[in-house]
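Asks: Before we start, here is the structure in question, set down as structure tokens.
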Amino acid sequence: MPTRTERLDMRLTPEQKDLLERAASLTGQPLTGFALSNLVERAQEIIERSGRTLLSRRDAEKFLKLLEAPPEPVPALKAALRRRNARRG
């Protein structure tokens with residue numbers, strides 16, 4: 001286990017502390033262990049979710065159809081690509 005060298009101080013209302021202590025007690029964990037494990041788990045969920053885009057069923061189907069049969073590029077895009085390729089030589 002990595003050495004814990006950092007601190008995180010928080011101010012809580014008495015009600016918040018009581019709630020956390022009750023939950024920690026129900027899990028058999030000390031308050032700091034309970035708080036830390038839940039904070040880390042929630043942070044990981046948030047970070048993981050930020051890397052995903054959720055689509056409705058309709059939008060997911062539309063996206064998959066576009067991947068299977070992409071539309072033809074519009075003339076302006078083709079012209080831009082030709083100009084870019086000409087500059088690169």
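Residues in the structure tokens are numbered from 1 in each chain, the chains being A, B, ... in the order shown, and ligands are numbered from 1 in the order shown.
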Go through chain A and collect every residue that DSSP, computed from the backbone, puts in helix (DSSP H, G or I); the answer should be as a ChimeraX atom specification.
Replies: /A:14-27,31-50,57-68,75-88
Asks: May I ask for the distance between atom CA of A:Lys78 and atom CA of A:Arg58, given in Å to one decimal place?
Replies: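 The value is 29.6 Å.
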